[in-house]
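Here's the structure we're looking at; comments come further down.
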Amino acid sequence: SWKTLHTTLLYVETEKRGFLKYFFARGTCAVSKYKSLTDNNIIDFGTCIVGKTSIATFNVLNEGLFDLKVDLSTEFPIENVDESTVTIAGQTSSELKFKWVPHNLVRLQNNYVILDTNAGKFKLEVRGTSVYPKLQVSPRIIDFGVCAVGQIYTKSLTIQNVGYCGTEWSIPALPNGYEVVPMSGTIDKDETVIVDVNFEIGKIKKQFSGDFVIETLGKYITVSVSGVGGVPGLKFNPSFLDFGKREKGKRSSQALEIKNIGDVPMHLRLGQILQDVFSESKPSATTTDNETSYNLDFDMLSSSFGPAKNQWPRVKVQPNSLILNAKQTGAVTVTILFHPDREGNGVHETAIEALSNEGSWKIPLKWGD
């Protein structure tokens with residue numbers, strides 16, 4: 001019997017009469033014994049993506065001491081990955097691999113793999129479901145509006161996997177003027193990925209519009225983008241603020257009108273440049289359309305919004321922020337407060353600064369005799 005030691009006699013006769021010799025032969029009786037290490041004798045592919053190769057495994061243990069020889073028999077659409085005949089040594093296991101490439105939406109039913117072994121024949125059920133990846137993209141229309149030439153504007157695009165499987169995605173091409181970071185990636189089931197859509201206008205003032213697609217296996221989603229290149233510009237009235245003679249404790253206010261003369265909507269922040277400029281000469285002036293604007297070089301100065309703690313005189317701008325659409329006009333009040341105990345001599349100059357993402361503008365401001 002299996003795994004039992006047997007002893008037997010071997011009788012040998014020779015020409016020598018009356019001479020006998022006995023031999024002892026020993027061995028072990030062994031058999032092959034099949035055992036499935038995979039639950040329920042099922043080859044399960046799970047949820048697979050249409051058009052993509054999926055691999056399923058099935059583990060077999062040979063509990064016997066003699067080699068287990070296995071002939072694999074599959075039916076379309078299931079195929080072997082390795083050889084169709086496998087030998088499993090005694091007291092060892094082996095992993096059998098099978099592949100499936102679904103070409104449409106299907107649920108595997110009545111599909112089997114036959115294992116014909118020297119320990120018997122075994123029928124394994126095959127299960128699996130194929131699906132298409134499913135992504136949701138928001139927003140599907142991205143409008144940058146009017147943007148300043150030479151600047152980069154960024155908006156976010158959300159990609160969400162609402163399907164039953166992970167997948168890869170990519171953007172094969174983009175319209176001129178646009179960039180997406182990143183252009184490809186993988187996304188797991190129920191995962192959300194956020195990418196940046198950048199719009200940059202070189203030196204051309206025109207409209208940039210078009211579509212790009214986000215591709216995944218068997219599907220694509222179209223996103224429309226549009227934007228217009230424009231030139232930013234501001235006009236200040238008055239273009240130069242003169243607060244006159246400096247007196248101890250004097251508070252003086254002037255209205256400053258700001259008009260967006262460019263094509264680009266702007267969010268402005270306004271405040272005083274910290275460092276005073278003590279000029280021996282007046283700033284250079286440029287006359288355009290019967291209006292004068294003053295040009296000062298403040299590149300070496302630091303900027304601040306609101307008066308510094310020990311800075312005199314103190315300049316305050318109210319409100320200190322404005323949102324101006326193209327051709328829109330707004331107004332702020334600029335107030336200067338001189339030190340209550342100090343008199344000043346000479347003419348002093350500083351500036352109010354208007355900052356936006358599109359650039360910065362300076363409004364010269366002076367006081368003194």
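Just so we're on the same page: first chain in the structure tokens is A, next is B, and so on; residues restart at 1 for each chain, and ligands are numbered from 1 in the order they show up.
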Notebook entry, point to check: Which neighbours of Ser252 of chain A fall inside 8 Å, counting only C-alpha atoms, when residues of the same chain fewer than 3 positions from it are skipped, and could you give them as a ChimeraX atom specification?
Noted result: /A:243,335-337
Next item on the list: Considering only C-alpha atoms, return as an MDAnalysis selection string whatever protein or nucleic-acid residues lie within 10 Å of segment 218-229 of chain A, sequence-local ones (same chain, fewer than 2 positions apart) excluded.
Entry: chainID A and resid 49:51 104 132:151 153 157 169:171 174:175 177:178 197 199:216 231:232 263:264
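Taking atom CA of Glu247 of chain A and atom CA of Arg314 of chain A as the two end points, the separation is 13.1 Å.
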Write out as a short mmCIF file (atom, residue, chain, number, x, y, z; two decimals) with N, CA, C and O atoms, in the first residue's frame each polymer residue whose atoms come within 10 Å of segment 316-318 of chain A, counting only C-alpha atoms; drop sequence neighbours fewer than 2 positions from it.
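After the write, around.cif holds the following:
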```cif
data_model
loop_
_atom_site.label_atom_id
_atom_site.label_comp_id
_atom_site.auth_asym_id
_atom_site.auth_seq_id
_atom_site.Cartn_x
_atom_site.Cartn_y
_atom_site.Cartn_z
N SER A 253 -6.13 114.25 2.27
CA SER A 253 -6.64 113.17 1.43
C SER A 253 -6.90 113.67 0.02
O SER A 253 -7.28 114.83 -0.19
N GLN A 254 -6.69 112.76 -0.92
CA GLN A 254 -7.02 113.04 -2.32
C GLN A 254 -7.65 111.80 -2.94
O GLN A 254 -7.31 110.66 -2.59
N ALA A 255 -8.56 112.05 -3.85
CA ALA A 255 -9.20 110.96 -4.58
C ALA A 255 -8.34 110.57 -5.78
O ALA A 255 -7.77 111.44 -6.45
N LEU A 256 -8.23 109.28 -6.03
CA LEU A 256 -7.46 108.76 -7.16
C LEU A 256 -8.37 107.86 -7.98
O LEU A 256 -8.88 106.86 -7.49
N ARG A 269 -4.15 95.30 -5.99
CA ARG A 269 -3.86 95.60 -4.59
C ARG A 269 -3.05 96.89 -4.57
O ARG A 269 -2.12 97.05 -5.37
N LEU A 270 -3.38 97.78 -3.65
CA LEU A 270 -2.75 99.10 -3.65
C LEU A 270 -2.16 99.40 -2.28
O LEU A 270 -2.72 99.02 -1.24
N GLY A 271 -1.01 100.07 -2.28
CA GLY A 271 -0.37 100.44 -1.03
C GLY A 271 0.82 101.34 -1.28
O GLY A 271 1.17 101.65 -2.42
N GLN A 272 1.47 101.74 -0.21
CA GLN A 272 2.61 102.65 -0.28
C GLN A 272 3.91 101.87 -0.41
O GLN A 272 4.11 100.87 0.27
N PHE A 305 2.08 96.80 1.70
CA PHE A 305 0.71 97.25 1.62
C PHE A 305 0.27 97.65 3.02
O PHE A 305 0.02 96.83 3.88
N GLY A 306 0.19 98.97 3.22
CA GLY A 306 -0.11 99.52 4.55
C GLY A 306 1.15 100.14 5.12
O GLY A 306 2.26 99.74 4.80
N PRO A 307 1.02 101.18 5.95
CA PRO A 307 2.18 101.89 6.48
C PRO A 307 2.99 101.03 7.43
O PRO A 307 2.45 100.23 8.18
N PRO A 313 6.06 110.27 6.65
CA PRO A 313 4.62 110.30 6.91
C PRO A 313 3.98 108.97 6.54
O PRO A 313 4.56 108.18 5.82
N ARG A 314 2.77 108.80 7.02
CA ARG A 314 2.05 107.56 6.77
C ARG A 314 1.03 107.76 5.65
O ARG A 314 0.26 108.71 5.68
N ASN A 320 -7.99 99.15 -0.26
CA ASN A 320 -6.66 98.76 -0.72
C ASN A 320 -6.69 97.65 -1.77
O ASN A 320 -5.66 97.08 -2.10
N SER A 321 -7.86 97.34 -2.29
CA SER A 321 -7.96 96.38 -3.40
C SER A 321 -9.15 96.75 -4.26
O SER A 321 -10.16 97.28 -3.77
N LEU A 322 -9.01 96.49 -5.55
CA LEU A 322 -10.07 96.77 -6.52
C LEU A 322 -10.10 95.66 -7.57
O LEU A 322 -9.05 95.11 -7.93
N ALA A 331 -12.34 103.98 -8.01
CA ALA A 331 -11.71 105.10 -7.30
C ALA A 331 -11.29 104.66 -5.91
O ALA A 331 -11.94 103.82 -5.28
N VAL A 332 -10.19 105.24 -5.45
CA VAL A 332 -9.71 105.03 -4.09
C VAL A 332 -9.38 106.38 -3.49
O VAL A 332 -9.26 107.40 -4.20
N THR A 333 -9.23 106.41 -2.17
CA THR A 333 -8.83 107.63 -1.47
C THR A 333 -7.45 107.42 -0.87
O THR A 333 -7.22 106.43 -0.17
N VAL A 334 -6.54 108.35 -1.19
CA VAL A 334 -5.18 108.30 -0.67
C VAL A 334 -5.04 109.36 0.42
O VAL A 334 -5.28 110.55 0.17
N THR A 335 -4.69 108.93 1.62
CA THR A 335 -4.56 109.83 2.76
C THR A 335 -3.13 109.82 3.26
O THR A 335 -2.52 108.75 3.40
N ILE A 336 -2.59 111.02 3.54
CA ILE A 336 -1.25 111.14 4.09
C ILE A 336 -1.33 111.80 5.46
O ILE A 336 -2.08 112.77 5.66
N LEU A 337 -0.60 111.26 6.41
CA LEU A 337 -0.58 111.79 7.79
C LEU A 337 0.87 112.07 8.16
O LEU A 337 1.72 111.18 8.13
N ILE A 352 2.61 105.42 -4.75
CA ILE A 352 1.61 104.40 -4.49
C ILE A 352 1.80 103.32 -5.56
O ILE A 352 2.04 103.63 -6.73
#
```
Notebook entry, point to check: Neighbours of Trp361 of chain A within 10 Å (only C-alpha atoms; same-chain residues fewer than 4 positions away dropped), as a VMD selection string?
Noted result: chain A and resid 233 to 236 268 270 295 351 to 356
Note to self: I'd like the contact shell of segment 69-81 of chain A - 6 Å cut-off, only C-alpha atoms, skipping same-chain residues fewer than 5 positions apart - returned as a PyMOL selection string.
What the structure shows: chain A and resi 86-87+97-100+113-118
Check: segment 124-225 of chain A: which residues are strand (DSSP E or B) by DSSP, as a ChimeraX atom specification?
Finding: /A:124-131,135-138,141-148,152-161,167-170,178-181,184-187,192-200,207-216,219-225
